[in-house]
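**Q** Please see the structure below; I have some questions.
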Amino acid sequence: MKIVLIALDSLRKDRVSPYNKSIDFTSNLEELSDQSIVYNNAIAQSCWSLPSHVSVLTGKYPWQHRSTQKKPFVDDDIKLISEELRDKGYITSAVHNNTWLIPITGAMRGFDELHTLQNQTKYLKNAWSRLQSSKLLRMLRKKLILFQSKMNLKKTIGEETDFSNQLDKTKNFLEKNKNTDDFFLYVNLVSCHYPYNPPEKYKEKHNVKKDINDLSSRPLEYGGEIKDQEKEELNKLYNAEVDFLDHNLGKIIEKFKEEDIYDESLIIVFSDHGELLGEQNKFGHHFSTHKHLINVPLIIKNPDNRSCRVEDVTELREIYYKVLNNAGIELKDSNKFVKGAACGMYEEPVIYDAKISGNGKNICNSSFYMGTKNKIYRSENQLEFIDKIHSKLAPDQISSSELLNLLKIR
Ligand SMILES: [Zn+2]
């Protein structure tokens, strides 16, 4: 089967017309959604790229795969969806500019072709896995990852969003593999990620008056008051990025149609987390479980082009199981998807993050969050508690009833 996973990084659900009829600048996503299953209550497993993506790529919760701030890379013994598919004979390729999904974090294992900010050389191919054989080496790997992520982010600041390179690589892949029965393509379009710098044409269209990228001099995501006028400009800039994002998504879908492989393909479009634009005086993501961060777009076009709406809470980690199921890959019993296995209640998905330091002080504790369909809330006191669970039991050993009992203590 031809499978493509398209991440629209940091895209808010309320800025796209399949979820908000008042939006008039996402016609390509809307057209796709008319032939797709649209999930109204999709929940991301974390509010930032790495843990959220690793949940999608492994089917596990962050407290199971443990790729969080504390250890920003994927352990070698965790098998990614790309590795499962490659072992099954799939051609695999990844195209994107996300600063966390690079070879050193291990999140790009299993891809034959890699077009990312850090490219794989054959000399470095297995180097990263060697950086986890001791505590010291793991620490070194973490430092290297944080340094590289910062450098990569710096590279993009001030630069106008440009997808031409990713579009070319994606189109080339589709052209080259249109006659291949089985391929897995992962694309991530990172334009709605702060700082926003859409092309001039889109700034004009959205009436952006002032460049508010100087907000970046303030503590990102959690600092100070944001004035109403700044919020307004932030929103306009963000919308301009969404508009440009939709235009580029349209180009990718167009290529599927042009190569006559649209109908037969499984196309999964999702956002790994949303973005705050002044709510609670925050912008960007991280440090919050606000609904605009956690309740994300998820649109799946199956080969039958069947369309419907799903109201049930759906976790992004379910993508892993859907893809493998479609590819006819049998999972071992211990890896099978069980509704609500991790938290005991399917209706209450779990997201987890770790201790984060910002501006020299801890700005939030290790985070364990519970959410329901209508209400996402944060449970501060739960956080240390989950760490205690980790030291007592390996996460996979916690049965749903045990966890359920522990959660009742709240
Ligand atoms: Zn992200």
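Letters for chains follow the order of the structure tokens (A, B, ...), residue numbers begin at 1 for each chain, and ligand numbers begin at 1 in the order shown.
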Hey, which residues come within 8 Å of ligand 1 if we count only C-alpha atoms and all ligand atoms? Could you give them as a PyMOL selection string?
**A** chain A and resi 9-10+47-50+52-53+98+190+193+271-273
**Q** Taking N, CA and C atoms for each residue, export the selection above as a PDB file, in the first residue's frame.
**A**
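Just written: part.pdb:
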```pdb
ATOM      1  N   ASP A   9       2.884  20.687  11.379  1.00  0.00           N
ATOM      2  CA  ASP A   9       3.404  20.993  12.712  1.00  0.00           C
ATOM      3  C   ASP A   9       2.785  22.256  13.292  1.00  0.00           C
ATOM      4  N   SER A  10       2.390  22.182  14.572  1.00  0.00           N
ATOM      5  CA  SER A  10       1.895  23.352  15.322  1.00  0.00           C
ATOM      6  C   SER A  10       0.609  23.956  14.747  1.00  0.00           C
ATOM      7  N   CYS A  47       2.553  18.184  24.179  1.00  0.00           N
ATOM      8  CA  CYS A  47       2.358  19.502  23.584  1.00  0.00           C
ATOM      9  C   CYS A  47       3.599  19.975  22.830  1.00  0.00           C
ATOM     10  N   TRP A  48       4.562  19.074  22.584  1.00  0.00           N
ATOM     11  CA  TRP A  48       5.685  19.480  21.723  1.00  0.00           C
ATOM     12  C   TRP A  48       6.128  18.305  20.858  1.00  0.00           C
ATOM     13  N   SER A  49       6.918  18.656  19.844  1.00  0.00           N
ATOM     14  CA  SER A  49       7.139  17.734  18.725  1.00  0.00           C
ATOM     15  C   SER A  49       7.665  16.347  19.081  1.00  0.00           C
ATOM     16  N   LEU A  50       8.753  16.274  19.840  1.00  0.00           N
ATOM     17  CA  LEU A  50       9.415  14.972  19.978  1.00  0.00           C
ATOM     18  C   LEU A  50       8.529  13.911  20.638  1.00  0.00           C
ATOM     19  N   SER A  52       5.340  13.858  21.142  1.00  0.00           N
ATOM     20  CA  SER A  52       4.113  13.653  20.395  1.00  0.00           C
ATOM     21  C   SER A  52       4.374  12.775  19.168  1.00  0.00           C
ATOM     22  N   HIS A  53       5.435  13.096  18.440  1.00  0.00           N
ATOM     23  CA  HIS A  53       5.762  12.304  17.250  1.00  0.00           C
ATOM     24  C   HIS A  53       6.150  10.875  17.611  1.00  0.00           C
ATOM     25  N   ASN A  98      11.805  19.694  10.714  1.00  0.00           N
ATOM     26  CA  ASN A  98      11.591  19.744  12.159  1.00  0.00           C
ATOM     27  C   ASN A  98      12.925  19.521  12.875  1.00  0.00           C
ATOM     28  N   VAL A 190       6.645  22.526   8.517  1.00  0.00           N
ATOM     29  CA  VAL A 190       6.787  23.262   9.778  1.00  0.00           C
ATOM     30  C   VAL A 190       6.666  24.760   9.543  1.00  0.00           C
ATOM     31  N   HIS A 193       4.965  26.967  13.183  1.00  0.00           N
ATOM     32  CA  HIS A 193       5.794  26.965  14.384  1.00  0.00           C
ATOM     33  C   HIS A 193       6.374  28.375  14.555  1.00  0.00           C
ATOM     34  N   SER A 271      -1.776  17.163  13.121  1.00  0.00           N
ATOM     35  CA  SER A 271      -0.860  18.127  13.717  1.00  0.00           C
ATOM     36  C   SER A 271      -0.357  17.522  15.020  1.00  0.00           C
ATOM     37  N   ASP A 272       0.954  17.602  15.261  1.00  0.00           N
ATOM     38  CA  ASP A 272       1.523  16.976  16.462  1.00  0.00           C
ATOM     39  C   ASP A 272       1.147  17.714  17.745  1.00  0.00           C
ATOM     40  N   HIS A 273       0.752  18.978  17.608  1.00  0.00           N
ATOM     41  CA  HIS A 273       0.279  19.809  18.725  1.00  0.00           C
ATOM     42  C   HIS A 273      -0.168  21.122  18.109  1.00  0.00           C
TER      43      HIS A 273
END
```
**Q** Which residues come within 12 Å of A:Ile329, counting only C-alpha atoms, excluding same-chain residues fewer than 2 positions away, as a PyMOL selection string?
**A** chain A and resi 1+81+83-90+320-327+331-332+335-336
**Q** Would you mind exporting the chosen residues as a PDB file, in the first residue's frame, restricted to C-alpha atoms?
**A**
```
ATOM      1  CA  MET A   1       0.000   0.000   0.000  1.00  0.00           C
ATOM      2  CA  ILE A  81       6.728   2.332  12.493  1.00  0.00           C
ATOM      3  CA  GLU A  83      11.381   0.139  10.877  1.00  0.00           C
ATOM      4  CA  GLU A  84       8.332  -2.156  10.953  1.00  0.00           C
ATOM      5  CA  LEU A  85       7.380  -1.102   7.424  1.00  0.00           C
ATOM      6  CA  ARG A  86      10.899  -1.263   6.043  1.00  0.00           C
ATOM      7  CA  ASP A  87      11.262  -4.802   7.429  1.00  0.00           C
ATOM      8  CA  LYS A  88       8.082  -5.664   5.558  1.00  0.00           C
ATOM      9  CA  GLY A  89       9.682  -4.461   2.297  1.00  0.00           C
ATOM     10  CA  TYR A  90       8.336  -0.909   2.168  1.00  0.00           C
ATOM     11  CA  TYR A 320       0.596   3.674  14.451  1.00  0.00           C
ATOM     12  CA  TYR A 321      -1.939   0.848  14.751  1.00  0.00           C
ATOM     13  CA  LYS A 322      -4.062   2.069  11.844  1.00  0.00           C
ATOM     14  CA  VAL A 323      -1.058   2.168   9.524  1.00  0.00           C
ATOM     15  CA  LEU A 324       0.285  -1.256  10.509  1.00  0.00           C
ATOM     16  CA  ASN A 325      -3.188  -2.724  10.260  1.00  0.00           C
ATOM     17  CA  ASN A 326      -3.560  -1.340   6.735  1.00  0.00           C
ATOM     18  CA  ALA A 327      -0.121  -2.688   5.812  1.00  0.00           C
ATOM     19  CA  LEU A 331       1.790  -7.118  15.995  1.00  0.00           C
ATOM     20  CA  LYS A 332       2.914  -9.323  18.840  1.00  0.00           C
ATOM     21  CA  ASN A 335       2.302  -4.643  21.300  1.00  0.00           C
ATOM     22  CA  LYS A 336      -1.321  -4.795  20.248  1.00  0.00           C
TER      23      LYS A 336
END
```
**Q** Could you pull the residues within 7 Å of A:Gln166, counting only C-alpha atoms, minus those fewer than 3 positions along the same chain, as a list of chain:residue names?
**A**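 Result of the neighbour search: A:Val95, A:His96, A:Phe163, A:Lys169, A:Thr170.
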**Q** How about saving the chosen residues, N, CA and C atoms kept, as a PDB file, in the first residue's frame?
**A**
```
ATOM      1  N   VAL A  95      10.755  13.613   4.678  1.00  0.00           N
ATOM      2  CA  VAL A  95      11.104  14.944   4.159  1.00  0.00           C
ATOM      3  C   VAL A  95      10.580  15.996   5.128  1.00  0.00           C
ATOM      4  N   HIS A  96      11.457  16.753   5.738  1.00  0.00           N
ATOM      5  CA  HIS A  96      10.965  17.804   6.647  1.00  0.00           C
ATOM      6  C   HIS A  96      12.081  18.677   7.209  1.00  0.00           C
ATOM      7  N   PHE A 163       8.861  26.346   1.461  1.00  0.00           N
ATOM      8  CA  PHE A 163       8.687  24.903   1.381  1.00  0.00           C
ATOM      9  C   PHE A 163       9.211  24.332   0.065  1.00  0.00           C
ATOM     10  N   LYS A 169      11.401  17.607  -3.082  1.00  0.00           N
ATOM     11  CA  LYS A 169      11.798  16.255  -2.637  1.00  0.00           C
ATOM     12  C   LYS A 169      10.576  15.332  -2.585  1.00  0.00           C
ATOM     13  N   THR A 170       9.463  15.866  -2.105  1.00  0.00           N
ATOM     14  CA  THR A 170       8.242  15.057  -2.006  1.00  0.00           C
ATOM     15  C   THR A 170       7.750  14.658  -3.389  1.00  0.00           C
TER      16      THR A 170
END
```
**Q** Write out as a PyMOL selection string the residues lying within 8 Å of A:Arg309, counting only C-alpha atoms and excluding same-chain residues fewer than 4 positions away.
**A** chain A and resi 37-40
**Q** Selection from above, N, CA and C atoms, as a PDB file, in the first residue's frame, can you write it?
**A**
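Result written to out06.pdb:
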```
ATOM      1  N   ILE A  37     -11.963  10.609   6.640  1.00  0.00           N
ATOM      2  CA  ILE A  37     -12.557  10.512   7.971  1.00  0.00           C
ATOM      3  C   ILE A  37     -11.965  11.660   8.790  1.00  0.00           C
ATOM      4  N   VAL A  38     -12.839  12.479   9.323  1.00  0.00           N
ATOM      5  CA  VAL A  38     -12.387  13.647  10.093  1.00  0.00           C
ATOM      6  C   VAL A  38     -12.645  13.368  11.574  1.00  0.00           C
ATOM      7  N   TYR A  39     -11.577  13.417  12.342  1.00  0.00           N
ATOM      8  CA  TYR A  39     -11.680  13.119  13.782  1.00  0.00           C
ATOM      9  C   TYR A  39     -11.863  14.423  14.552  1.00  0.00           C
ATOM     10  N   ASN A  40     -13.007  14.571  15.165  1.00  0.00           N
ATOM     11  CA  ASN A  40     -13.305  15.826  15.858  1.00  0.00           C
ATOM     12  C   ASN A  40     -12.631  15.941  17.220  1.00  0.00           C
TER      13      ASN A  40
END
```
**Q** I'd like to know which residues of stretch 34-273 of chain A are helix (DSSP H, G or I) (by DSSP, run on the backbone); could you write them as a PyMOL selection string?
**A** chain A and resi 49-58+62-65+81-87+103-105+127-130+135-156+164-177+200-205+213-217+228-258
**Q** Mind writing the picked residues with C-alpha atoms as an mmCIF file, in the first residue's frame?
**A**
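Saved the output as part_11.cif:
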```cif
data_model
loop_
_atom_site.group_PDB
_atom_site.id
_atom_site.type_symbol
_atom_site.label_atom_id
_atom_site.label_comp_id
_atom_site.auth_asym_id
_atom_site.auth_seq_id
_atom_site.Cartn_x
_atom_site.Cartn_y
_atom_site.Cartn_z
ATOM 1 C CA SER A 49 7.139 17.734 18.725
ATOM 2 C CA LEU A 50 9.415 14.972 19.978
ATOM 3 C CA PRO A 51 7.225 13.087 22.478
ATOM 4 C CA SER A 52 4.113 13.653 20.395
ATOM 5 C CA HIS A 53 5.762 12.304 17.250
ATOM 6 C CA VAL A 54 7.375 9.369 19.005
ATOM 7 C CA SER A 55 3.897 8.401 20.257
ATOM 8 C CA VAL A 56 2.670 8.454 16.659
ATOM 9 C CA LEU A 57 5.707 6.502 15.468
ATOM 10 C CA THR A 58 5.558 3.851 18.208
ATOM 11 C CA PRO A 62 5.370 9.295 26.346
ATOM 12 C CA TRP A 63 5.705 7.642 29.747
ATOM 13 C CA GLN A 64 6.242 4.362 27.891
ATOM 14 C CA HIS A 65 8.661 5.464 25.158
ATOM 15 C CA ILE A 81 6.728 2.332 12.493
ATOM 16 C CA SER A 82 9.282 3.122 9.752
ATOM 17 C CA GLU A 83 11.381 0.139 10.877
ATOM 18 C CA GLU A 84 8.332 -2.156 10.953
ATOM 19 C CA LEU A 85 7.380 -1.102 7.424
ATOM 20 C CA ARG A 86 10.899 -1.263 6.043
ATOM 21 C CA ASP A 87 11.262 -4.802 7.429
ATOM 22 C CA PRO A 103 19.122 11.092 13.144
ATOM 23 C CA ILE A 104 20.737 11.929 16.502
ATOM 24 C CA THR A 105 17.360 11.686 18.286
ATOM 25 C CA ALA A 127 27.109 6.446 15.972
ATOM 26 C CA TRP A 128 24.107 7.725 17.870
ATOM 27 C CA SER A 129 23.121 4.366 19.258
ATOM 28 C CA ARG A 130 26.616 4.040 20.713
ATOM 29 C CA LYS A 135 24.972 7.353 31.750
ATOM 30 C CA LEU A 136 27.749 9.709 30.719
ATOM 31 C CA LEU A 137 27.303 9.011 27.018
ATOM 32 C CA ARG A 138 23.541 9.457 27.312
ATOM 33 C CA MET A 139 24.133 12.832 28.919
ATOM 34 C CA LEU A 140 26.497 13.765 26.107
ATOM 35 C CA ARG A 141 23.879 12.746 23.553
ATOM 36 C CA LYS A 142 21.262 14.910 25.294
ATOM 37 C CA LYS A 143 23.615 17.915 25.270
ATOM 38 C CA LEU A 144 24.408 17.396 21.602
ATOM 39 C CA ILE A 145 20.714 17.161 20.737
ATOM 40 C CA LEU A 146 19.793 20.326 22.653
ATOM 41 C CA PHE A 147 22.692 22.208 21.048
ATOM 42 C CA GLN A 148 21.791 21.032 17.591
ATOM 43 C CA SER A 149 18.113 21.804 18.058
ATOM 44 C CA LYS A 150 18.961 25.354 19.161
ATOM 45 C CA MET A 151 21.287 25.846 16.193
ATOM 46 C CA ASN A 152 18.715 24.524 13.755
ATOM 47 C CA LEU A 153 16.012 26.740 15.199
ATOM 48 C CA LYS A 154 18.303 29.771 14.949
ATOM 49 C CA LYS A 155 18.812 28.987 11.286
ATOM 50 C CA THR A 156 15.102 29.342 10.626
ATOM 51 C CA SER A 164 10.124 24.703 -2.123
ATOM 52 C CA ASN A 165 12.848 22.255 -1.140
ATOM 53 C CA GLN A 166 10.484 19.930 0.736
ATOM 54 C CA LEU A 167 7.939 20.133 -2.080
ATOM 55 C CA ASP A 168 10.558 19.208 -4.687
ATOM 56 C CA LYS A 169 11.798 16.255 -2.637
ATOM 57 C CA THR A 170 8.242 15.057 -2.006
ATOM 58 C CA LYS A 171 7.265 15.360 -5.656
ATOM 59 C CA ASN A 172 10.446 13.553 -6.748
ATOM 60 C CA PHE A 173 9.699 10.711 -4.370
ATOM 61 C CA LEU A 174 6.137 10.334 -5.657
ATOM 62 C CA GLU A 175 7.272 10.472 -9.259
ATOM 63 C CA LYS A 176 9.982 7.877 -8.663
ATOM 64 C CA ASN A 177 7.762 5.524 -6.696
ATOM 65 C CA GLU A 200 5.021 38.815 1.790
ATOM 66 C CA LYS A 201 2.105 37.916 -0.443
ATOM 67 C CA TYR A 202 0.401 36.118 2.443
ATOM 68 C CA LYS A 203 1.205 38.903 4.917
ATOM 69 C CA GLU A 204 -0.535 41.350 2.618
ATOM 70 C CA LYS A 205 -3.514 39.086 2.117
ATOM 71 C CA ASN A 213 8.658 38.787 15.823
ATOM 72 C CA ASP A 214 10.348 40.933 18.483
ATOM 73 C CA LEU A 215 8.181 39.010 20.927
ATOM 74 C CA SER A 216 10.916 36.429 20.636
ATOM 75 C CA SER A 217 13.109 38.583 22.849
ATOM 76 C CA ASP A 228 -4.306 43.042 22.650
ATOM 77 C CA GLN A 229 -2.797 44.621 19.559
ATOM 78 C CA GLU A 230 0.101 42.164 19.667
ATOM 79 C CA LYS A 231 -2.333 39.287 20.004
ATOM 80 C CA GLU A 232 -4.202 40.549 16.996
ATOM 81 C CA GLU A 233 -1.013 40.747 14.919
ATOM 82 C CA LEU A 234 0.158 37.337 16.146
ATOM 83 C CA ASN A 235 -3.143 35.867 14.997
ATOM 84 C CA LYS A 236 -2.929 37.528 11.603
ATOM 85 C CA LEU A 237 0.649 36.331 11.065
ATOM 86 C CA TYR A 238 -0.269 32.836 12.163
ATOM 87 C CA ASN A 239 -3.258 32.778 9.819
ATOM 88 C CA ALA A 240 -1.011 33.881 6.970
ATOM 89 C CA GLU A 241 1.272 30.901 7.724
ATOM 90 C CA VAL A 242 -1.719 28.540 7.819
ATOM 91 C CA ASP A 243 -2.877 29.902 4.461
ATOM 92 C CA PHE A 244 0.582 29.292 2.958
ATOM 93 C CA LEU A 245 0.700 25.845 4.582
ATOM 94 C CA ASP A 246 -2.624 24.918 3.003
ATOM 95 C CA HIS A 247 -1.383 26.094 -0.392
ATOM 96 C CA ASN A 248 1.604 23.739 -0.111
ATOM 97 C CA LEU A 249 -0.461 20.854 1.172
ATOM 98 C CA GLY A 250 -2.569 21.371 -1.943
ATOM 99 C CA LYS A 251 0.545 21.020 -4.102
ATOM 100 C CA ILE A 252 1.336 17.636 -2.525
ATOM 101 C CA ILE A 253 -2.219 16.345 -2.975
ATOM 102 C CA GLU A 254 -2.180 17.631 -6.559
ATOM 103 C CA LYS A 255 0.942 15.550 -7.224
ATOM 104 C CA PHE A 256 -0.807 12.417 -5.946
ATOM 105 C CA LYS A 257 -3.609 13.092 -8.419
ATOM 106 C CA GLU A 258 -1.230 13.942 -11.244
#
```
